[in-house]
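Here is work_30.cif, consisting of mmCIF, C-alpha atoms and all ligand atoms:
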```cif
data_coords
loop_
_atom_site.group_PDB
_atom_site.id
_atom_site.type_symbol
_atom_site.label_atom_id
_atom_site.label_comp_id
_atom_site.auth_asym_id
_atom_site.auth_seq_id
_atom_site.Cartn_x
_atom_site.Cartn_y
_atom_site.Cartn_z
ATOM 1 C CA MET A 1 13.662 0.035 -12.752
ATOM 2 C CA LYS A 2 10.943 2.596 -12.178
ATOM 3 C CA ILE A 3 7.187 2.851 -12.521
ATOM 4 C CA VAL A 4 5.890 5.836 -14.448
ATOM 5 C CA ILE A 5 2.364 7.139 -13.940
ATOM 6 C CA ASP A 6 1.989 9.268 -17.035
ATOM 7 C CA ASP A 7 -0.841 11.791 -17.168
ATOM 8 C CA VAL A 8 -3.414 9.353 -15.826
ATOM 9 C CA GLY A 9 -7.083 10.338 -15.755
ATOM 10 C CA LYS A 10 -10.177 8.333 -14.899
ATOM 11 C CA THR A 11 -13.850 9.102 -15.339
ATOM 12 C CA PHE A 12 -16.785 6.955 -14.258
ATOM 13 C CA THR A 13 -20.179 7.187 -15.927
ATOM 14 C CA ASN A 14 -23.230 6.021 -14.009
ATOM 15 C CA THR A 15 -26.476 4.607 -15.435
ATOM 16 C CA LYS A 16 -27.930 8.133 -15.739
ATOM 17 C CA LYS A 17 -24.947 9.037 -17.926
ATOM 18 C CA GLU A 18 -23.589 11.361 -15.212
ATOM 19 C CA VAL A 19 -19.817 11.568 -15.364
ATOM 20 C CA THR A 20 -17.558 11.643 -12.282
ATOM 21 C CA THR A 21 -13.968 12.649 -12.861
ATOM 22 C CA ALA A 22 -12.191 10.555 -10.253
ATOM 23 C CA LEU A 23 -8.650 11.410 -11.391
ATOM 24 C CA GLU A 24 -7.096 14.066 -13.596
ATOM 25 C CA ASN A 25 -3.534 14.770 -14.774
ATOM 26 C CA ILE A 26 -1.809 12.364 -12.422
ATOM 27 C CA ASN A 27 1.936 12.347 -13.053
ATOM 28 C CA PHE A 28 4.584 10.834 -10.831
ATOM 29 C CA THR A 29 7.273 8.160 -10.792
ATOM 30 C CA ILE A 30 7.898 5.445 -8.239
ATOM 31 C CA HIS A 31 11.628 4.798 -8.157
ATOM 32 C CA GLU A 32 13.240 1.496 -7.353
ATOM 33 C CA LYS A 33 13.144 0.805 -3.595
ATOM 34 C CA GLU A 34 10.980 3.839 -3.022
ATOM 35 C CA PHE A 35 8.031 3.885 -0.614
ATOM 36 C CA VAL A 36 5.406 6.275 -1.968
ATOM 37 C CA VAL A 37 2.274 7.025 0.046
ATOM 38 C CA LEU A 38 -0.923 8.436 -1.465
ATOM 39 C CA VAL A 39 -2.834 10.442 1.088
ATOM 40 C CA GLY A 40 -6.098 12.356 0.949
ATOM 41 C CA PRO A 41 -9.632 12.348 2.297
ATOM 42 C CA SER A 42 -12.305 9.873 1.319
ATOM 43 C CA GLY A 43 -13.332 10.126 -2.329
ATOM 44 C CA CYS A 44 -10.158 11.763 -3.676
ATOM 45 C CA GLY A 45 -9.376 8.788 -5.912
ATOM 46 C CA LYS A 46 -6.694 6.971 -3.899
ATOM 47 C CA SER A 47 -8.122 3.486 -4.425
ATOM 48 C CA THR A 48 -8.920 4.200 -8.048
ATOM 49 C CA LEU A 49 -5.327 5.237 -8.650
ATOM 50 C CA LEU A 50 -3.906 2.228 -6.802
ATOM 51 C CA ASN A 51 -6.154 -0.077 -8.825
ATOM 52 C CA ILE A 52 -5.009 1.539 -12.067
ATOM 53 C CA VAL A 53 -1.326 1.171 -11.123
ATOM 54 C CA GLY A 54 -2.069 -2.440 -10.111
ATOM 55 C CA GLY A 55 -3.670 -3.161 -13.472
ATOM 56 C CA LEU A 56 -7.129 -3.875 -12.017
ATOM 57 C CA LEU A 57 -8.683 -0.828 -13.688
ATOM 58 C CA SER A 58 -7.739 0.853 -16.948
ATOM 59 C CA PRO A 59 -7.199 4.582 -17.015
ATOM 60 C CA THR A 60 -9.490 6.677 -19.234
ATOM 61 C CA THR A 61 -6.493 8.728 -20.317
ATOM 62 C CA GLY A 62 -2.745 8.371 -19.896
ATOM 63 C CA SER A 63 -0.848 5.237 -19.004
ATOM 64 C CA VAL A 64 1.220 3.405 -16.407
ATOM 65 C CA TYR A 65 4.417 1.685 -17.452
ATOM 66 C CA PHE A 66 7.518 0.087 -16.015
ATOM 67 C CA GLU A 67 10.911 1.251 -17.255
ATOM 68 C CA GLY A 68 14.148 -0.710 -17.089
ATOM 69 C CA ILE A 69 12.624 -4.162 -16.782
ATOM 70 C CA ASP A 70 12.771 -6.798 -19.503
ATOM 71 C CA LYS A 71 9.923 -9.088 -18.380
ATOM 72 C CA ASP A 72 6.292 -8.673 -17.403
ATOM 73 C CA PRO A 73 6.328 -6.852 -14.065
ATOM 74 C CA ASN A 74 5.306 -8.824 -11.063
ATOM 75 C CA LEU A 75 2.755 -7.054 -8.843
ATOM 76 C CA ALA A 76 1.220 -7.888 -5.487
ATOM 77 C CA ILE A 77 -1.630 -6.115 -3.722
ATOM 78 C CA VAL A 78 -2.582 -6.087 -0.045
ATOM 79 C CA PHE A 79 -6.126 -4.869 0.648
ATOM 80 C CA GLN A 80 -7.789 -3.602 3.799
ATOM 81 C CA GLU A 81 -9.943 -6.695 4.087
ATOM 82 C CA ILE A 82 -7.585 -9.532 3.388
ATOM 83 C CA ALA A 83 -9.324 -12.282 1.466
ATOM 84 C CA LEU A 84 -7.748 -15.430 2.875
ATOM 85 C CA PHE A 85 -8.990 -18.848 1.854
ATOM 86 C CA PRO A 86 -10.673 -20.159 5.023
ATOM 87 C CA TRP A 87 -10.047 -23.789 4.073
ATOM 88 C CA ARG A 88 -6.309 -23.236 3.623
ATOM 89 C CA THR A 89 -3.736 -22.998 6.402
ATOM 90 C CA VAL A 90 -1.440 -19.994 6.814
ATOM 91 C CA TYR A 91 1.233 -21.840 4.842
ATOM 92 C CA GLN A 92 -1.182 -22.770 2.058
ATOM 93 C CA ASN A 93 -2.483 -19.206 1.877
ATOM 94 C CA VAL A 94 1.037 -17.808 1.623
ATOM 95 C CA ILE A 95 2.006 -20.126 -1.226
ATOM 96 C CA TYR A 96 -1.127 -19.323 -3.230
ATOM 97 C CA GLY A 97 0.555 -16.797 -5.517
ATOM 98 C CA LEU A 98 3.580 -19.060 -6.000
ATOM 99 C CA GLU A 99 1.499 -22.035 -7.102
ATOM 100 C CA GLU A 100 0.206 -19.935 -9.976
ATOM 101 C CA ARG A 101 3.754 -19.477 -11.221
ATOM 102 C CA LYS A 102 6.079 -22.134 -12.448
ATOM 103 C CA VAL A 103 8.106 -22.505 -9.276
ATOM 104 C CA SER A 104 9.510 -25.831 -8.044
ATOM 105 C CA LYS A 105 8.069 -27.442 -4.894
ATOM 106 C CA GLN A 106 11.392 -26.989 -3.095
ATOM 107 C CA GLU A 107 11.541 -23.304 -3.966
ATOM 108 C CA ILE A 108 7.925 -22.778 -2.890
ATOM 109 C CA LYS A 109 8.715 -24.282 0.500
ATOM 110 C CA GLU A 110 11.875 -22.223 0.969
ATOM 111 C CA LYS A 111 10.172 -18.978 0.022
ATOM 112 C CA ALA A 112 7.085 -19.697 2.106
ATOM 113 C CA ASP A 113 9.159 -20.531 5.204
ATOM 114 C CA TYR A 114 11.301 -17.435 4.699
ATOM 115 C CA TYR A 115 8.402 -15.007 4.365
ATOM 116 C CA ILE A 116 6.241 -16.667 7.031
ATOM 117 C CA ASP A 117 9.185 -16.147 9.369
ATOM 118 C CA MET A 118 9.525 -12.532 8.206
ATOM 119 C CA VAL A 119 5.916 -11.760 9.126
ATOM 120 C CA GLY A 120 6.320 -13.563 12.464
ATOM 121 C CA LEU A 121 3.948 -16.468 11.866
ATOM 122 C CA THR A 122 6.249 -19.495 11.973
ATOM 123 C CA ASP A 123 4.426 -20.900 14.994
ATOM 124 C CA PHE A 124 1.091 -20.495 13.222
ATOM 125 C CA LYS A 125 1.879 -21.832 9.795
ATOM 126 C CA ASP A 126 -0.522 -24.767 10.162
ATOM 127 C CA ALA A 127 -3.314 -22.639 11.662
ATOM 128 C CA TYR A 128 -6.472 -21.733 9.759
ATOM 129 C CA PRO A 129 -7.612 -18.114 9.282
ATOM 130 C CA LYS A 130 -10.480 -18.451 11.757
ATOM 131 C CA GLN A 131 -7.912 -19.183 14.479
ATOM 132 C CA LEU A 132 -6.089 -15.888 13.847
ATOM 133 C CA SER A 133 -6.575 -12.320 15.111
ATOM 134 C CA GLY A 134 -7.148 -9.453 12.659
ATOM 135 C CA GLY A 135 -3.500 -8.393 12.848
ATOM 136 C CA MET A 136 -2.317 -11.933 12.185
ATOM 137 C CA LYS A 137 -4.594 -12.281 9.166
ATOM 138 C CA GLN A 138 -3.106 -9.096 7.812
ATOM 139 C CA ARG A 139 0.378 -10.574 8.306
ATOM 140 C CA VAL A 140 -0.667 -13.582 6.244
ATOM 141 C CA GLY A 141 -1.817 -11.221 3.494
ATOM 142 C CA ILE A 142 1.509 -9.405 3.620
ATOM 143 C CA GLY A 143 3.412 -12.712 3.623
ATOM 144 C CA ARG A 144 1.478 -13.868 0.587
ATOM 145 C CA ALA A 145 2.265 -10.622 -1.249
ATOM 146 C CA LEU A 146 5.976 -10.743 -0.330
ATOM 147 C CA ALA A 147 6.315 -14.398 -1.329
ATOM 148 C CA VAL A 148 5.911 -13.590 -5.025
ATOM 149 C CA GLU A 149 8.806 -11.098 -4.674
ATOM 150 C CA PRO A 150 6.960 -8.393 -6.598
ATOM 151 C CA ASP A 151 8.566 -5.590 -8.596
ATOM 152 C CA LEU A 152 5.941 -3.335 -7.050
ATOM 153 C CA LEU A 153 4.020 -3.877 -3.832
ATOM 154 C CA LEU A 154 0.643 -2.127 -3.614
ATOM 155 C CA MET A 155 -1.102 -1.630 -0.289
ATOM 156 C CA ASP A 156 -4.596 -0.163 0.053
ATOM 157 C CA GLU A 157 -5.299 0.943 3.647
ATOM 158 C CA PRO A 158 -3.955 -2.385 4.893
ATOM 159 C CA PHE A 159 -4.221 -1.575 8.597
ATOM 160 C CA SER A 160 -7.300 0.611 8.786
ATOM 161 C CA ALA A 161 -9.589 -2.152 10.066
ATOM 162 C CA LEU A 162 -7.242 -2.880 12.992
ATOM 163 C CA ASP A 163 -7.412 -1.410 16.482
ATOM 164 C CA ALA A 164 -5.027 1.479 17.200
ATOM 165 C CA GLN A 165 -2.401 -0.518 19.098
ATOM 166 C CA THR A 166 -2.249 -3.341 16.580
ATOM 167 C CA ARG A 167 -2.069 -0.774 13.834
ATOM 168 C CA THR A 168 0.944 0.943 15.402
ATOM 169 C CA LEU A 169 2.707 -2.380 15.859
ATOM 170 C CA MET A 170 1.970 -3.402 12.278
ATOM 171 C CA GLN A 171 3.352 -0.103 10.976
ATOM 172 C CA GLU A 172 6.577 -0.708 12.891
ATOM 173 C CA GLU A 173 6.744 -4.224 11.595
ATOM 174 C CA LEU A 174 6.084 -3.155 8.029
ATOM 175 C CA LEU A 175 9.071 -0.806 8.242
ATOM 176 C CA THR A 176 11.280 -3.591 9.527
ATOM 177 C CA ILE A 177 10.100 -5.839 6.701
ATOM 178 C CA TRP A 178 10.570 -3.080 4.166
ATOM 179 C CA ASN A 179 14.102 -2.558 5.441
ATOM 180 C CA ARG A 180 14.867 -6.168 4.607
ATOM 181 C CA THR A 181 13.049 -6.422 1.265
ATOM 182 C CA GLN A 182 13.491 -2.838 -0.033
ATOM 183 C CA LEU A 183 10.499 -3.285 -2.324
ATOM 184 C CA SER A 184 9.182 -0.439 -4.435
ATOM 185 C CA THR A 185 5.871 0.274 -2.744
ATOM 186 C CA LEU A 186 2.733 2.304 -3.390
ATOM 187 C CA TYR A 187 0.702 2.653 -0.201
ATOM 188 C CA VAL A 188 -2.716 4.260 0.200
ATOM 189 C CA THR A 189 -3.989 5.759 3.444
ATOM 190 C CA HIS A 190 -6.230 8.559 4.695
ATOM 191 C CA ASN A 191 -4.154 8.654 7.875
ATOM 192 C CA ILE A 192 -1.601 11.482 7.828
ATOM 193 C CA GLN A 193 0.494 10.153 10.729
ATOM 194 C CA GLU A 194 0.794 6.822 8.975
ATOM 195 C CA ALA A 195 1.869 8.553 5.769
ATOM 196 C CA VAL A 196 4.624 10.543 7.509
ATOM 197 C CA TYR A 197 5.743 7.487 9.444
ATOM 198 C CA LEU A 198 6.197 5.258 6.398
ATOM 199 C CA ALA A 199 6.871 7.344 3.317
ATOM 200 C CA ASP A 200 9.909 8.357 1.357
ATOM 201 C CA ARG A 201 7.521 10.665 -0.458
ATOM 202 C CA VAL A 202 3.926 11.586 0.319
ATOM 203 C CA ILE A 203 1.623 12.424 -2.577
ATOM 204 C CA VAL A 204 -1.297 14.554 -1.423
ATOM 205 C CA LEU A 205 -4.437 14.271 -3.552
ATOM 206 C CA SER A 206 -7.314 16.740 -3.717
ATOM 207 C CA ARG A 207 -10.957 15.844 -4.405
ATOM 208 C CA HIS A 208 -13.377 16.390 -7.272
ATOM 209 C CA PRO A 209 -11.484 15.900 -9.419
ATOM 210 C CA GLY A 210 -8.674 13.919 -7.818
ATOM 211 C CA ARG A 211 -5.502 15.800 -8.651
ATOM 212 C CA ILE A 212 -2.034 15.903 -7.165
ATOM 213 C CA LYS A 213 -1.938 18.796 -4.765
ATOM 214 C CA SER A 214 1.620 18.304 -3.633
ATOM 215 C CA ILE A 215 4.461 15.806 -3.529
ATOM 216 C CA ILE A 216 6.368 15.995 -0.252
ATOM 217 C CA PRO A 217 9.688 14.191 0.293
ATOM 218 C CA ILE A 218 9.940 13.140 3.944
ATOM 219 C CA ASP A 219 13.464 14.061 4.861
ATOM 220 C CA MET A 220 13.887 11.938 7.973
ATOM 221 C CA PRO A 221 15.679 8.643 8.586
ATOM 222 C CA LYS A 222 13.403 5.777 7.609
ATOM 223 C CA MET A 223 13.635 3.980 10.927
ATOM 224 C CA GLY A 224 12.847 5.521 14.293
ATOM 225 C CA ARG A 225 10.591 8.332 13.149
ATOM 226 C CA GLY A 226 8.388 7.732 16.150
ATOM 227 C CA GLU A 227 11.234 8.604 18.532
ATOM 228 C CA GLU A 228 11.350 11.734 20.643
ATOM 229 C CA GLN A 229 14.188 13.411 18.745
ATOM 230 C CA HIS A 230 12.107 13.438 15.555
ATOM 231 C CA ARG A 231 8.825 14.491 17.134
ATOM 232 C CA GLU A 232 8.987 18.165 16.168
ATOM 233 C CA GLN A 233 9.910 17.483 12.560
ATOM 234 C CA PHE A 234 7.303 14.716 12.351
ATOM 235 C CA GLU A 235 4.579 17.036 13.597
ATOM 236 C CA ARG A 236 5.642 19.740 11.145
ATOM 237 C CA TYR A 237 5.185 17.371 8.214
ATOM 238 C CA ALA A 238 1.856 16.144 9.578
ATOM 239 C CA GLU A 239 0.630 19.700 10.049
ATOM 240 C CA GLU A 240 1.763 20.732 6.562
ATOM 241 C CA ILE A 241 -0.203 17.843 5.029
ATOM 242 C CA TRP A 242 -3.249 18.445 7.220
ATOM 243 C CA GLN A 243 -3.418 22.082 6.130
ATOM 244 C CA MET A 244 -3.436 20.877 2.526
ATOM 245 C CA ILE A 245 -6.287 18.437 2.923
ATOM 246 C CA ARG A 246 -8.264 20.107 5.693
ATOM 247 C CA HIS A 247 -10.754 21.816 3.419
ATOM 248 C CA ASP A 248 -11.317 18.674 1.332
ATOM 249 C CA ALA A 249 -11.662 16.530 4.452
ATOM 250 C CA VAL A 250 -14.417 18.791 5.778
ATOM 251 C CA GLU A 251 -16.182 18.657 2.403
ATOM 252 C CA ALA A 252 -15.854 14.853 2.349
ATOM 253 C CA LEU A 253 -17.647 14.659 5.703
ATOM 254 C CA LYS A 254 -20.658 16.509 4.284
ATOM 255 C CA GLU A 255 -21.220 13.854 1.615
HETATM 256 P P1 LIG B 1 -10.748 7.107 -2.163
HETATM 257 O O1 LIG B 1 -10.075 5.780 -2.284
HETATM 258 O O2 LIG B 1 -9.801 8.249 -2.069
HETATM 259 O O3 LIG B 1 -11.778 7.154 -1.054
HETATM 260 P P2 LIG B 1 -12.045 6.348 -4.644
HETATM 261 O O4 LIG B 1 -10.938 6.042 -5.556
HETATM 262 O O5 LIG B 1 -12.745 5.201 -4.005
HETATM 263 O O6 LIG B 1 -11.554 7.365 -3.528
HETATM 264 O O7 LIG B 1 -13.150 7.195 -5.421
HETATM 265 C C1 LIG B 1 -12.862 8.411 -6.138
HETATM 266 C C2 LIG B 1 -14.134 8.949 -6.775
HETATM 267 O O8 LIG B 1 -14.548 8.068 -7.820
HETATM 268 C C3 LIG B 1 -15.318 9.061 -5.821
HETATM 269 O O9 LIG B 1 -16.059 10.206 -6.172
HETATM 270 C C4 LIG B 1 -16.084 7.795 -6.095
HETATM 271 O O10 LIG B 1 -17.463 7.980 -5.813
HETATM 272 C C5 LIG B 1 -15.850 7.579 -7.575
HETATM 273 N N1 LIG B 1 -15.866 6.148 -7.953
HETATM 274 C C6 LIG B 1 -14.974 5.199 -7.563
HETATM 275 N N2 LIG B 1 -15.250 3.999 -8.110
HETATM 276 C C7 LIG B 1 -16.369 4.188 -8.883
HETATM 277 C C8 LIG B 1 -17.185 3.347 -9.711
HETATM 278 N N3 LIG B 1 -16.871 2.063 -9.898
HETATM 279 N N4 LIG B 1 -18.246 3.912 -10.335
HETATM 280 C C9 LIG B 1 -18.545 5.217 -10.176
HETATM 281 N N5 LIG B 1 -17.836 6.062 -9.425
HETATM 282 C C10 LIG B 1 -16.767 5.576 -8.762
#
```
Please lay out the structure from this file as structure tokens.
Amino acid sequence: MKIVIDDVGKTFTNTKKEVTTALENINFTIHEKEFVVLVGPSGCGKSTLLNIVGGLLSPTTGSVYFEGIDKDPNLAIVFQEIALFPWRTVYQNVIYGLEERKVSKQEIKEKADYYIDMVGLTDFKDAYPKQLSGGMKQRVGIGRALAVEPDLLLMDEPFSALDAQTRTLMQEELLTIWNRTQLSTLYVTHNIQEAVYLADRVIVLSRHPGRIKSIIPIDMPKMGRGEEQHREQFERYAEEIWQMIRHDAVEALKE
């Protein structure tokens, strides 16, 4: 199975008939079990591209398709601001996507318990969102996405509203979870360190129009990239990416 992003372009036209080219000539493939990170400064089209791959927006040109799969692909998206149902418990929020599908009650319970445990919320499964911290809410969102066992997991800046420490812990936890689930993932961030920490490949986008500037395979073991022995290599990747987006990042600040 793989997901092909084939020459995707997207333009937006405002009420004054002014056209913004958000994306142009986007070509890449997400392979099975691959973790691909889109990185670039604000306004380079990361969210637009994620929404197109997730089927929430249609491309103006080109297409996105799944290869090697004989059913409708199953997708799950985790957003920065997780929209949990405040009147549902953690458990009820996690099973939301499963209820939509024809899954037996027994199977729903087994899957929910399994994924609630995976995101470390077993002791909180009867709690309501208002009783949870920001990091815990994000875990619920991740649990809900995992529970549908998607063919592709999409994540749009999932940790950027969290404080720095929680964010670091969540990144570590996401890697542990990914190691268990091995889901094909498309992850959006403007944070270069996060991209190098998580990715099998980093796709660097440029702005106006959003194009692929470079695709960088991160040739480091997936786990333990934060450890001392990898520091030099880690910093080299981060620096390489920063040099690519530096100019665009400065321009983005002026807008
Ligand atoms: P990023 O996620 O990298 O910050 P976006 O995908 O949000 O970038 O936006 C890319 C470009 O497309 C920006 O110039 C933005 O203003 C424009 N854009 C995004 N969504 C819309 C929309 N619905 N209507 C008009 N322009 C949009």
| field | Among the residues A:Glu157, A:Trp87, A:Tyr114, A:Asn74, the one that comes closest to A:Thr181 [using all atoms listed in the file] | value |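 When distances to A:Thr181 are compared using all atoms listed in the file, the smallest one comes from A:Tyr114.
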| task | Using only C-alpha atoms, pick whichever of A:Gly226, A:Pro59, A:Gly120, A:Gly43 has the shortest atom-to-atom distance to A:Glu172. | result | A:Gly226
| Once the PyMOL selection byres (((chain A and resi 20-33) around 6) and not hetatm) has been applied to the shown file, what residues remain in the selection, as a list in words? |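 That selection, the PyMOL selection byres (((chain A and resi 20-33) around 6) and not hetatm), comes back as Met1, Lys2, Ile3, Val4, Ile5, Asp6, Asp7, Val8, Gly9, Lys10, Thr11, Phe12, Val19, Glu34, Gly45, Gln182, Leu183, Ser184, Pro209, Gly210 and Arg211 of chain A.
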Can you sort out the box for stretch 162-172 of chain A, edges along x, y and z, all listed atoms in, 5 Å on every side, with centre and edge lengths in Å to one decimal, as AutoDock Vina command-line options?
```
--center_x -0.4 --center_y -1.0 --center_z 15.0 --size_x 24.0 --size_y 14.9 --size_z 18.1
```
| request: Counting all atoms listed in the file, write as a PyMOL selection string all protein and nucleic acid residues lying at most 10 Å from (6.8, -23.1, 0.9) in the file's frame. | output: chain A and resi 91-92+94-96+98-99+104-116+147
| said: Once the PyMOL selection byres (((chain A and resi 167-171) around 10) and not hetatm) is applied to the coordinates I shared, what remains selected? I want it as a list in words. | reply: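 Matching residues under the PyMOL selection byres (((chain A and resi 167-171) around 10) and not hetatm) are Val119, Gly135, Met136, Gln138, Arg139, Pro158, Phe159, Ser160, Ala161, Leu162, Asp163, Ala164, Gln165, Thr166, Glu172, Glu173, Leu174, Leu175, Thr176, Ile177, Glu194, Tyr197 and Leu198 of chain A.
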| request: Find the residue from A:Asp248, A:Asp123, A:Glu149, A:Glu227 that sits nearest to ligand LIG 1 (chain B); use only C-alpha atoms and all ligand atoms when measuring. | output: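 Looking at the shortest contact to ligand LIG 1 (chain B), the residue is A:Asp248.
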| Taking the file as shown, what set of residues would the PyMOL selection byres (((chain A and resi 185) around 6) and not hetatm) give back, as a PyMOL selection string? | chain A and resi 35+152-154+183-184+186
| request: Find, counting only C-alpha atoms, the residue in A:Ile192, A:Val148, A:Val204, A:Ile52 that gets nearest to A:Leu75. | output: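 Of A:Ile192, A:Val148, A:Val204, A:Ile52, the one nearest A:Leu75, counting only C-alpha atoms, is A:Val148.
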| Separation of atom CA of A:Leu57 from atom O9 of ligand LIG 1 (chain B), in Å and rounded to one decimal |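 It comes out at 15.3 Å.
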| field | Counting all atoms listed in the file, the option among A:Asp117, A:Asp200, A:Asp156, A:Glu232 closest to ligand LIG 1 (chain B) | value |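 Checking each of A:Asp117, A:Asp200, A:Asp156, A:Glu232 against ligand LIG 1 (chain B), counting all atoms listed in the file, the winner is A:Asp156.
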| request: Mind listing whatever residues come within 9 Å of the point (-6.5, -9.3, 2.6)? Use all atoms listed in the file, file coordinates, and give them as a ChimeraX atom specification. | output: /A:77-84,137-138,140-142,158
| request: One decimal, Å: what's the distance from atom CA of A:Gln229 over to atom CA of A:Val202, could you say? | output: 21.2 Å
| said: Given all atoms listed in the file as the basis, pick out the residue of A:Gln233, A:Arg101, A:Lys130, A:Arg180 nearest to A:Phe85. | reply: A:Lys130
| Atomic distance atom C4 of ligand LIG 1 (chain B) - atom CA of A:Asn51, expressed in Å with one decimal | 13.0 Å
Can you pull out every residue within 8 Å of A:Ile218, counting all atoms listed in the file, but drop anything in the same chain fewer than 2 positions away, and send it as a PDB file with C-alpha atoms, in the frame of the given file?
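selection-v2.pdb, freshly written:
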```pdb
ATOM      1  CA  VAL A 196       4.624  10.543   7.509  1.00  0.00           C
ATOM      2  CA  ALA A 199       6.871   7.344   3.317  1.00  0.00           C
ATOM      3  CA  ASP A 200       9.909   8.357   1.357  1.00  0.00           C
ATOM      4  CA  ARG A 201       7.521  10.665  -0.458  1.00  0.00           C
ATOM      5  CA  VAL A 202       3.926  11.586   0.319  1.00  0.00           C
ATOM      6  CA  ILE A 216       6.368  15.995  -0.252  1.00  0.00           C
ATOM      7  CA  MET A 220      13.887  11.938   7.973  1.00  0.00           C
ATOM      8  CA  TYR A 237       5.185  17.371   8.214  1.00  0.00           C
TER       9      TYR A 237
END
```
